[in-house]
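Listing of upload.pdb; format and content: PDB, C-alpha atoms, pLDDT in the B column.
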```pdb
ATOM      1  CA  MET A   1      89.854 150.089  87.454  1.00 52.00           C
ATOM      2  CA  GLU A   2      89.007 152.664  84.810  1.00 57.00           C
ATOM      3  CA  THR A   3      92.253 154.098  83.371  1.00 59.00           C
ATOM      4  CA  LYS A   4      95.023 151.975  81.885  1.00 58.00           C
ATOM      5  CA  ASN A   5      97.317 152.790  84.840  1.00 62.00           C
ATOM      6  CA  GLU A   6      94.589 151.854  87.318  1.00 59.00           C
ATOM      7  CA  LYS A   7      93.967 148.586  85.441  1.00 69.00           C
ATOM      8  CA  ASP A   8      97.703 147.795  85.340  1.00 86.00           C
ATOM      9  CA  SER A   9      98.208 148.532  89.047  1.00 90.00           C
ATOM     10  CA  PHE A  10      95.122 146.467  89.953  1.00 93.00           C
ATOM     11  CA  TYR A  11      96.322 143.579  87.760  1.00 93.00           C
ATOM     12  CA  GLN A  12      99.756 143.584  89.452  1.00 95.00           C
ATOM     13  CA  PHE A  13      98.213 143.946  92.905  1.00 97.00           C
ATOM     14  CA  LEU A  14      95.932 140.947  92.296  1.00 97.00           C
ATOM     15  CA  ILE A  15      98.884 138.752  91.278  1.00 97.00           C
ATOM     16  CA  GLU A  16     100.895 139.785  94.347  1.00 97.00           C
ATOM     17  CA  ALA A  17      97.910 139.396  96.704  1.00 97.00           C
ATOM     18  CA  LYS A  18      97.331 135.839  95.529  1.00 97.00           C
ATOM     19  CA  LYS A  19     101.026 134.997  95.956  1.00 97.00           C
ATOM     20  CA  GLN A  20     101.038 136.405  99.507  1.00 97.00           C
ATOM     21  CA  THR A  21      97.923 134.601 100.801  1.00 97.00           C
ATOM     22  CA  TYR A  22      96.489 131.068 100.385  1.00 96.00           C
ATOM     23  CA  ALA A  23      98.733 130.048  97.470  1.00 95.00           C
ATOM     24  CA  ASN A  24     101.824 130.728  99.588  1.00 93.00           C
ATOM     25  CA  GLU A  25     102.501 127.942 102.087  1.00 88.00           C
ATOM     26  CA  GLN A  26     103.971 130.632 104.357  1.00 89.00           C
ATOM     27  CA  GLY A  27     100.872 132.834 103.991  1.00 87.00           C
ATOM     28  CA  LYS A  28      99.357 133.719 107.350  1.00 88.00           C
ATOM     29  CA  LYS A  29      95.646 133.422 108.009  1.00 92.00           C
ATOM     30  CA  CYS A  30      93.925 136.397 109.590  1.00 90.00           C
ATOM     31  CA  ASN A  31      91.060 136.325 112.076  1.00 92.00           C
ATOM     32  CA  SER A  32      87.912 134.601 110.804  1.00 91.00           C
ATOM     33  CA  THR A  33      85.210 136.984 109.682  1.00 88.00           C
ATOM     34  CA  ARG A  34      82.422 134.383 110.005  1.00 93.00           C
ATOM     35  CA  ASN A  35      81.906 131.144 111.953  1.00 94.00           C
ATOM     36  CA  GLY A  36      84.014 128.383 110.444  1.00 93.00           C
ATOM     37  CA  SER A  37      85.723 130.551 107.830  1.00 96.00           C
ATOM     38  CA  HIS A  38      89.407 130.530 106.871  1.00 96.00           C
ATOM     39  CA  ASP A  39      90.538 134.048 105.972  1.00 97.00           C
ATOM     40  CA  TYR A  40      93.538 135.705 104.345  1.00 97.00           C
ATOM     41  CA  GLU A  41      94.205 139.390 103.775  1.00 97.00           C
ATOM     42  CA  TYR A  42      96.827 141.431 101.940  1.00 97.00           C
ATOM     43  CA  SER A  43      97.096 145.215 101.518  1.00 97.00           C
ATOM     44  CA  CYS A  44      99.337 147.425  99.386  1.00 96.00           C
ATOM     45  CA  GLU A  45      99.104 150.921  97.841  1.00 92.00           C
ATOM     46  CA  GLY A  46      95.471 151.559  98.757  1.00 95.00           C
ATOM     47  CA  PHE A  47      94.223 148.104  97.702  1.00 97.00           C
ATOM     48  CA  THR A  48      93.124 145.398 100.162  1.00 97.00           C
ATOM     49  CA  TYR A  49      92.488 141.792  99.121  1.00 98.00           C
ATOM     50  CA  HIS A  50      90.387 139.550 101.350  1.00 97.00           C
ATOM     51  CA  ASP A  51      89.869 135.823 100.714  1.00 98.00           C
ATOM     52  CA  THR A  52      87.476 133.846 102.905  1.00 97.00           C
ATOM     53  CA  TYR A  53      86.491 130.209 102.425  1.00 97.00           C
ATOM     54  CA  PHE A  54      84.700 127.385 104.210  1.00 97.00           C
ATOM     55  CA  GLY A  55      85.468 123.674 104.167  1.00 96.00           C
ATOM     56  CA  GLY A  56      88.553 121.783 103.084  1.00 93.00           C
ATOM     57  CA  VAL A  57      88.219 118.777 100.780  1.00 94.00           C
ATOM     58  CA  ASP A  58      85.115 120.421  99.348  1.00 96.00           C
ATOM     59  CA  PHE A  59      85.028 124.183  99.854  1.00 97.00           C
ATOM     60  CA  MET A  60      83.344 127.444  98.950  1.00 98.00           C
ATOM     61  CA  GLY A  61      84.792 130.914  99.091  1.00 98.00           C
ATOM     62  CA  GLU A  62      84.919 134.482  97.989  1.00 98.00           C
ATOM     63  CA  GLU A  63      87.633 137.012  97.237  1.00 98.00           C
ATOM     64  CA  ILE A  64      87.009 140.757  97.419  1.00 98.00           C
ATOM     65  CA  VAL A  65      89.381 143.604  96.506  1.00 98.00           C
ATOM     66  CA  TYR A  66      88.825 147.014  98.073  1.00 97.00           C
ATOM     67  CA  LEU A  67      90.241 150.331  96.973  1.00 95.00           C
ATOM     68  CA  LYS A  68      90.344 152.653  99.991  1.00 93.00           C
ATOM     69  CA  ASP A  69      87.575 150.666 101.752  1.00 93.00           C
ATOM     70  CA  THR A  70      85.307 150.502  98.674  1.00 97.00           C
ATOM     71  CA  PRO A  71      84.761 147.014  97.177  1.00 98.00           C
ATOM     72  CA  ILE A  72      85.771 147.133  93.486  1.00 97.00           C
ATOM     73  CA  TRP A  73      86.241 143.502  92.405  1.00 98.00           C
ATOM     74  CA  GLY A  74      85.210 140.042  93.548  1.00 98.00           C
ATOM     75  CA  MET A  75      85.219 136.347  92.762  1.00 98.00           C
ATOM     76  CA  ASN A  76      83.174 133.425  94.092  1.00 98.00           C
ATOM     77  CA  TYR A  77      84.440 129.853  93.872  1.00 98.00           C
ATOM     78  CA  TYR A  78      83.458 126.284  94.732  1.00 98.00           C
ATOM     79  CA  GLY A  79      85.889 123.374  94.669  1.00 97.00           C
ATOM     80  CA  ILE A  80      85.201 119.675  95.075  1.00 98.00           C
ATOM     81  CA  THR A  81      87.567 116.737  95.503  1.00 97.00           C
ATOM     82  CA  LEU A  82      86.423 113.967  93.167  1.00 98.00           C
ATOM     83  CA  ASP A  83      88.920 111.338  94.384  1.00 96.00           C
ATOM     84  CA  PRO A  84      87.796 110.169  97.852  1.00 95.00           C
ATOM     85  CA  THR A  85      91.296 108.887  98.667  1.00 94.00           C
ATOM     86  CA  LEU A  86      92.740 112.434  98.598  1.00 94.00           C
ATOM     87  CA  SER A  87      92.884 114.505 101.775  1.00 93.00           C
ATOM     88  CA  GLU A  88      92.762 118.284 102.064  1.00 93.00           C
ATOM     89  CA  GLU A  89      96.541 118.220 102.590  1.00 93.00           C
ATOM     90  CA  ALA A  90      97.076 116.249  99.360  1.00 93.00           C
ATOM     91  CA  ILE A  91      94.964 118.720  97.372  1.00 92.00           C
ATOM     92  CA  ASP A  92      96.836 121.647  98.993  1.00 92.00           C
ATOM     93  CA  LYS A  93     100.181 120.148  97.937  1.00 92.00           C
ATOM     94  CA  ALA A  94      98.977 119.899  94.340  1.00 94.00           C
ATOM     95  CA  LEU A  95      97.056 123.187  94.264  1.00 96.00           C
ATOM     96  CA  ARG A  96      99.253 125.712  96.069  1.00 96.00           C
ATOM     97  CA  PRO A  97     102.343 125.366  93.816  1.00 97.00           C
ATOM     98  CA  ALA A  98     100.088 125.807  90.764  1.00 97.00           C
ATOM     99  CA  LEU A  99      98.438 128.907  92.245  1.00 97.00           C
ATOM    100  CA  MET A 100     101.884 130.402  92.945  1.00 97.00           C
ATOM    101  CA  GLN A 101     102.339 130.464  89.142  1.00 97.00           C
ATOM    102  CA  VAL A 102      99.576 133.082  88.780  1.00 97.00           C
ATOM    103  CA  GLY A 103     100.537 135.765  86.268  1.00 94.00           C
ATOM    104  CA  LYS A 104     103.250 133.690  84.571  1.00 94.00           C
ATOM    105  CA  ASP A 105     101.262 133.205  81.384  1.00 94.00           C
ATOM    106  CA  ASN A 106      98.808 135.273  79.395  1.00 90.00           C
ATOM    107  CA  ILE A 107      95.524 134.212  81.039  1.00 94.00           C
ATOM    108  CA  LEU A 108      93.609 136.240  83.623  1.00 95.00           C
ATOM    109  CA  PRO A 109      95.340 136.154  87.019  1.00 96.00           C
ATOM    110  CA  VAL A 110      92.293 134.921  88.929  1.00 97.00           C
ATOM    111  CA  ARG A 111      93.575 131.425  89.812  1.00 97.00           C
ATOM    112  CA  GLY A 112      96.673 129.704  88.389  1.00 97.00           C
ATOM    113  CA  PRO A 113      98.249 129.234  84.961  1.00 97.00           C
ATOM    114  CA  LYS A 114      96.702 127.468  81.990  1.00 98.00           C
ATOM    115  CA  GLU A 115      98.706 124.325  82.866  1.00 97.00           C
ATOM    116  CA  PHE A 116     101.172 123.256  85.545  1.00 97.00           C
ATOM    117  CA  ILE A 117     102.755 119.828  86.119  1.00 97.00           C
ATOM    118  CA  ASN A 118     103.849 118.898  89.646  1.00 94.00           C
ATOM    119  CA  GLY A 119     104.985 115.268  89.922  1.00 93.00           C
ATOM    120  CA  GLU A 120     101.977 112.989  89.440  1.00 95.00           C
ATOM    121  CA  TYR A 121      99.610 115.987  89.416  1.00 96.00           C
ATOM    122  CA  LYS A 122      98.579 118.084  86.431  1.00 97.00           C
ATOM    123  CA  TYR A 123      96.790 121.382  87.054  1.00 98.00           C
ATOM    124  CA  THR A 124      94.722 123.102  84.362  1.00 98.00           C
ATOM    125  CA  PHE A 125      92.738 126.333  84.341  1.00 98.00           C
ATOM    126  CA  GLU A 126      90.426 127.594  81.622  1.00 98.00           C
ATOM    127  CA  VAL A 127      88.895 131.045  81.908  1.00 98.00           C
ATOM    128  CA  THR A 128      86.738 133.170  79.633  1.00 97.00           C
ATOM    129  CA  GLY A 129      86.039 136.884  79.777  1.00 97.00           C
ATOM    130  CA  GLU A 130      88.147 139.611  81.308  1.00 95.00           C
ATOM    131  CA  LEU A 131      88.808 140.875  84.837  1.00 95.00           C
ATOM    132  CA  ASN A 132      85.602 142.929  84.723  1.00 95.00           C
ATOM    133  CA  TRP A 133      83.461 139.815  84.073  1.00 97.00           C
ATOM    134  CA  PHE A 134      84.739 136.228  83.854  1.00 98.00           C
ATOM    135  CA  GLU A 135      84.143 132.575  84.635  1.00 98.00           C
ATOM    136  CA  GLY A 136      86.575 129.713  84.868  1.00 98.00           C
ATOM    137  CA  GLU A 137      87.175 126.066  85.664  1.00 98.00           C
ATOM    138  CA  GLU A 138      90.211 124.671  87.426  1.00 98.00           C
ATOM    139  CA  SER A 139      91.064 120.948  87.442  1.00 98.00           C
ATOM    140  CA  ILE A 140      93.683 118.730  89.025  1.00 98.00           C
ATOM    141  CA  TYR A 141      94.463 115.355  87.514  1.00 98.00           C
ATOM    142  CA  LYS A 142      96.325 112.655  89.441  1.00 96.00           C
ATOM    143  CA  ASN A 143      97.927 110.132  87.102  1.00 94.00           C
ATOM    144  CA  ASN A 144      95.642 111.356  84.286  1.00 94.00           C
ATOM    145  CA  HIS A 145      92.412 110.903  86.310  1.00 96.00           C
ATOM    146  CA  LYS A 146      90.446 114.020  87.261  1.00 98.00           C
ATOM    147  CA  ALA A 147      90.719 114.270  91.043  1.00 97.00           C
ATOM    148  CA  TYR A 148      89.504 117.812  91.726  1.00 98.00           C
ATOM    149  CA  CYS A 149      87.428 120.542  90.102  1.00 98.00           C
ATOM    150  CA  LEU A 150      86.765 124.193  90.940  1.00 98.00           C
ATOM    151  CA  LYS A 151      84.398 126.621  89.253  1.00 98.00           C
ATOM    152  CA  CYS A 152      84.741 130.356  89.702  1.00 98.00           C
ATOM    153  CA  HIS A 153      83.187 133.545  88.436  1.00 98.00           C
ATOM    154  CA  GLY A 154      83.443 137.211  89.203  1.00 98.00           C
ATOM    155  CA  GLY A 155      84.312 140.665  88.063  1.00 98.00           C
ATOM    156  CA  LYS A 156      84.031 144.356  88.727  1.00 97.00           C
ATOM    157  CA  ILE A 157      81.837 145.609  91.571  1.00 97.00           C
ATOM    158  CA  LYS A 158      80.166 148.935  90.822  1.00 94.00           C
ATOM    159  CA  LYS A 159      77.645 150.908  92.816  1.00 87.00           C
TER     160      LYS A 159
END
```
Can you turn what I pasted into structure tokens?
Amino acid sequence: METKNEKDSFYQFLIEAKKQTYANEQGKKCNSTRNGSHDYEYSCEGFTYHDTYFGGVDFMGEEIVYLKDTPIWGMNYYGITLDPTLSEEAIDKALRPALMQVGKDNILPVRGPKEFINGEYKYTFEVTGELNWFEGEESIYKNNHKAYCLKCHGGKIKK
């Protein structure tokens, strides 16, 4: 991720990887890497993206991008459902369409867009920093009441 071309190709790869994995309802899980984990993987042009998370209504996970088997970028995240009446499936139906909008606005493509409305749900994402070092907060509101929150942080991995 050093030259402009490398940064641009990484940026585009990250958007596509996110659209081909969890965010995509048709995305296929791969074999679990650890007990109880849910895993997704996508590879293209020397990059490999791996997302692994644990839980459902409340969850923790990590994304790692490799370039030719060397880890170069990562993100950790923790999400919690604040509305006890919402199931994992309900959160998925609000979250996945928002995450499929990644890259459609001018914020870092590490989660979804700045804002996305889907029926009674409103998704927001605020992020500071740049791909090399960032932190963000994602929220879902149901009928104007905060129902879900996720915090994430990550950046470049360098040996």
* **Nearest to A:Ile140, chosen from A:Asp58, A:Glu120, A:Ile157, A:Val127, with all atoms listed in the file counted in the distances** =>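 Answer, going by the shortest atom-to-atom distance: A:Glu120.
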* Structure fact -> The residue from A:Leu67, A:Ile15, A:Ala147, A:Leu82 with the smallest atom-to-atom distance to A:Tyr123, counting only C-alpha atoms, is A:Ala147
* Asked: Hey, what's within 10 Å of A:Asn31 if we count only C-alpha atoms and toss same-chain stuff fewer than 4 positions away? As a list in words, please?
  ->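 These residues fall inside the cut-off: Ser37, His38, Asp39, Tyr40 and Glu41 of chain A.
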Residue subset to file, keeping C-alpha atoms, as a PDB file, in the coordinates of the input:
```
ATOM      1  CA  SER A  37      85.723 130.551 107.830  1.00 96.00           C
ATOM      2  CA  HIS A  38      89.407 130.530 106.871  1.00 96.00           C
ATOM      3  CA  ASP A  39      90.538 134.048 105.972  1.00 97.00           C
ATOM      4  CA  TYR A  40      93.538 135.705 104.345  1.00 97.00           C
ATOM      5  CA  GLU A  41      94.205 139.390 103.775  1.00 97.00           C
TER       6      GLU A  41
END
```
* Excluding stretch 87-99 of chain A and residues on its chain fewer than 6 positions from it, collect all residues at most 10 Å away from it, counting all atoms listed in the file, and give them as a VMD selection string. => chain A and resid 15 18 to 19 22 to 25 55 to 59 81 109 to 125 138 to 142 147 to 148
* Closest to A:Lys29 among A:Met60, A:Pro71, A:Tyr53, A:Asn106, using all atoms listed in the file? ->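 Of A:Met60, A:Pro71, A:Tyr53, A:Asn106, the one nearest A:Lys29 is A:Tyr53, counting all atoms listed in the file.
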* To do: Please measure the separation of atom CA of A:Ile72 and atom CA of A:Phe10, giving the value in Å to one decimal.
  =>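 Answer for the atom CA of A:Ile72 to atom CA of A:Phe10 separation: 10.0 Å.
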* To do: Spell out the residues picked by the PyMOL selection byres ((chain A and resi 46) around 12) here, as a list in words.
  => Glu6, Ser9, Phe10, Phe13, Tyr42, Ser43, Cys44, Glu45, Phe47, Thr48, Tyr49, Val65, Tyr66, Leu67, Lys68, Asp69, Thr70, Pro71 and Ile72 of chain A
* **Atomic separation - atom CA of A:Trp73 relative to atom CA of A:Lys156, Å** =>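 Separation of atom CA of A:Lys156 and atom CA of A:Trp73: 4.4 Å.
Of note, atom CA of A:Trp133 and atom CA of A:Thr21 are spaced 22.7 Å apart.
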* **Pick from A:Asn76, A:Gln12, A:Thr128, A:Thr52, whichever lies nearest to A:Lys151 using all atoms listed in the file** =>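 Of the candidates, the smallest distance to A:Lys151 is held by A:Asn76.
Every residue that the PyMOL selection byres ((chain A and resi 74) around 6) selects in this file is listed here: Glu63, Ile64, Trp73, Met75, Gly154 and Gly155 of chain A.
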* Using all atoms listed in the file, find the one residue out of A:Cys30, A:Glu130, A:Leu86, A:Glu135 that sits nearest to A:His50. =>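 With all atoms listed in the file as the atom set, the closest residue is A:Cys30.
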* Asked: Which residue, A:Gly79, A:Cys152, A:Asn144, A:Gly103, has the smallest gap to A:Glu126 when you use all atoms listed in the file?
  ->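 Of A:Gly79, A:Cys152, A:Asn144, A:Gly103, the one nearest A:Glu126, counting all atoms listed in the file, is A:Cys152.
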Save N, CA, C and O atoms of stretch 108-127 of chain A from the block above as a PDB file, in the first residue's frame.
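The result, written out as selection_23.pdb:
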```pdb
ATOM      1  N   LEU A 108     -14.143   6.387   4.159  1.00  0.00           N
ATOM      2  CA  LEU A 108     -13.319   5.176   4.049  1.00  0.00           C
ATOM      3  C   LEU A 108     -14.189   3.943   3.865  1.00  0.00           C
ATOM      4  O   LEU A 108     -15.190   3.786   4.564  1.00  0.00           O
ATOM      5  N   PRO A 109     -13.801   3.044   2.971  1.00  0.00           N
ATOM      6  CA  PRO A 109     -14.620   1.855   2.702  1.00  0.00           C
ATOM      7  C   PRO A 109     -14.332   0.714   3.683  1.00  0.00           C
ATOM      8  O   PRO A 109     -13.958  -0.386   3.298  1.00  0.00           O
ATOM      9  N   VAL A 110     -14.499   0.997   4.983  1.00  0.00           N
ATOM     10  CA  VAL A 110     -14.227  -0.026   5.983  1.00  0.00           C
ATOM     11  C   VAL A 110     -15.499  -0.645   6.545  1.00  0.00           C
ATOM     12  O   VAL A 110     -15.455  -1.726   7.129  1.00  0.00           O
ATOM     13  N   ARG A 111     -16.632   0.002   6.390  1.00  0.00           N
ATOM     14  CA  ARG A 111     -17.937  -0.551   6.763  1.00  0.00           C
ATOM     15  C   ARG A 111     -18.908  -0.134   5.657  1.00  0.00           C
ATOM     16  O   ARG A 111     -18.732  -0.513   4.530  1.00  0.00           O
ATOM     17  N   GLY A 112     -19.924   0.674   6.004  1.00  0.00           N
ATOM     18  CA  GLY A 112     -20.894   1.113   5.012  1.00  0.00           C
ATOM     19  C   GLY A 112     -20.762   2.597   4.718  1.00  0.00           C
ATOM     20  O   GLY A 112     -19.740   3.202   5.013  1.00  0.00           O
ATOM     21  N   PRO A 113     -21.836   3.186   4.173  1.00  0.00           N
ATOM     22  CA  PRO A 113     -21.808   4.615   3.846  1.00  0.00           C
ATOM     23  C   PRO A 113     -22.047   5.467   5.093  1.00  0.00           C
ATOM     24  O   PRO A 113     -22.348   4.949   6.176  1.00  0.00           O
ATOM     25  N   LYS A 114     -21.943   6.753   4.921  1.00  0.00           N
ATOM     26  CA  LYS A 114     -22.206   7.686   6.025  1.00  0.00           C
ATOM     27  C   LYS A 114     -23.637   7.519   6.535  1.00  0.00           C
ATOM     28  O   LYS A 114     -23.881   7.538   7.741  1.00  0.00           O
ATOM     29  N   GLU A 115     -24.592   7.327   5.619  1.00  0.00           N
ATOM     30  CA  GLU A 115     -25.999   7.158   6.005  1.00  0.00           C
ATOM     31  C   GLU A 115     -26.728   6.326   4.967  1.00  0.00           C
ATOM     32  O   GLU A 115     -26.464   6.446   3.766  1.00  0.00           O
ATOM     33  N   PHE A 116     -27.645   5.489   5.431  1.00  0.00           N
ATOM     34  CA  PHE A 116     -28.451   4.660   4.538  1.00  0.00           C
ATOM     35  C   PHE A 116     -29.794   4.401   5.213  1.00  0.00           C
ATOM     36  O   PHE A 116     -29.836   3.960   6.362  1.00  0.00           O
ATOM     37  N   ILE A 117     -30.884   4.679   4.499  1.00  0.00           N
ATOM     38  CA  ILE A 117     -32.234   4.446   5.020  1.00  0.00           C
ATOM     39  C   ILE A 117     -32.792   3.198   4.346  1.00  0.00           C
ATOM     40  O   ILE A 117     -32.740   3.053   3.120  1.00  0.00           O
ATOM     41  N   ASN A 118     -33.337   2.299   5.162  1.00  0.00           N
ATOM     42  CA  ASN A 118     -33.922   1.051   4.664  1.00  0.00           C
ATOM     43  C   ASN A 118     -35.201   0.799   5.455  1.00  0.00           C
ATOM     44  O   ASN A 118     -35.162   0.211   6.533  1.00  0.00           O
ATOM     45  N   GLY A 119     -36.340   1.289   4.925  1.00  0.00           N
ATOM     46  CA  GLY A 119     -37.611   1.138   5.625  1.00  0.00           C
ATOM     47  C   GLY A 119     -37.585   1.861   6.955  1.00  0.00           C
ATOM     48  O   GLY A 119     -37.267   3.047   7.025  1.00  0.00           O
ATOM     49  N   GLU A 120     -37.870   1.132   8.033  1.00  0.00           N
ATOM     50  CA  GLU A 120     -37.902   1.734   9.372  1.00  0.00           C
ATOM     51  C   GLU A 120     -36.512   1.855  10.000  1.00  0.00           C
ATOM     52  O   GLU A 120     -36.368   2.354  11.109  1.00  0.00           O
ATOM     53  N   TYR A 121     -35.484   1.404   9.271  1.00  0.00           N
ATOM     54  CA  TYR A 121     -34.118   1.417   9.794  1.00  0.00           C
ATOM     55  C   TYR A 121     -33.280   2.520   9.142  1.00  0.00           C
ATOM     56  O   TYR A 121     -33.347   2.743   7.944  1.00  0.00           O
ATOM     57  N   LYS A 122     -32.483   3.173   9.976  1.00  0.00           N
ATOM     58  CA  LYS A 122     -31.528   4.169   9.493  1.00  0.00           C
ATOM     59  C   LYS A 122     -30.147   3.721   9.960  1.00  0.00           C
ATOM     60  O   LYS A 122     -29.922   3.514  11.150  1.00  0.00           O
ATOM     61  N   TYR A 123     -29.237   3.592   9.020  1.00  0.00           N
ATOM     62  CA  TYR A 123     -27.857   3.197   9.281  1.00  0.00           C
ATOM     63  C   TYR A 123     -26.983   4.442   9.206  1.00  0.00           C
ATOM     64  O   TYR A 123     -27.151   5.248   8.287  1.00  0.00           O
ATOM     65  N   THR A 124     -26.045   4.581  10.143  1.00  0.00           N
ATOM     66  CA  THR A 124     -25.064   5.660  10.067  1.00  0.00           C
ATOM     67  C   THR A 124     -23.680   5.093  10.363  1.00  0.00           C
ATOM     68  O   THR A 124     -23.540   4.110  11.105  1.00  0.00           O
ATOM     69  N   PHE A 125     -22.669   5.716   9.767  1.00  0.00           N
ATOM     70  CA  PHE A 125     -21.287   5.330  10.041  1.00  0.00           C
ATOM     71  C   PHE A 125     -20.434   6.577  10.055  1.00  0.00           C
ATOM     72  O   PHE A 125     -20.450   7.367   9.115  1.00  0.00           O
ATOM     73  N   GLU A 126     -19.694   6.750  11.147  1.00  0.00           N
ATOM     74  CA  GLU A 126     -18.750   7.854  11.275  1.00  0.00           C
ATOM     75  C   GLU A 126     -17.376   7.255  11.456  1.00  0.00           C
ATOM     76  O   GLU A 126     -17.193   6.341  12.274  1.00  0.00           O
ATOM     77  N   VAL A 127     -16.410   7.746  10.691  1.00  0.00           N
ATOM     78  CA  VAL A 127     -15.055   7.212  10.756  1.00  0.00           C
ATOM     79  C   VAL A 127     -14.061   8.365  10.695  1.00  0.00           C
ATOM     80  O   VAL A 127     -14.293   9.355  10.004  1.00  0.00           O
TER      81      VAL A 127
END
```
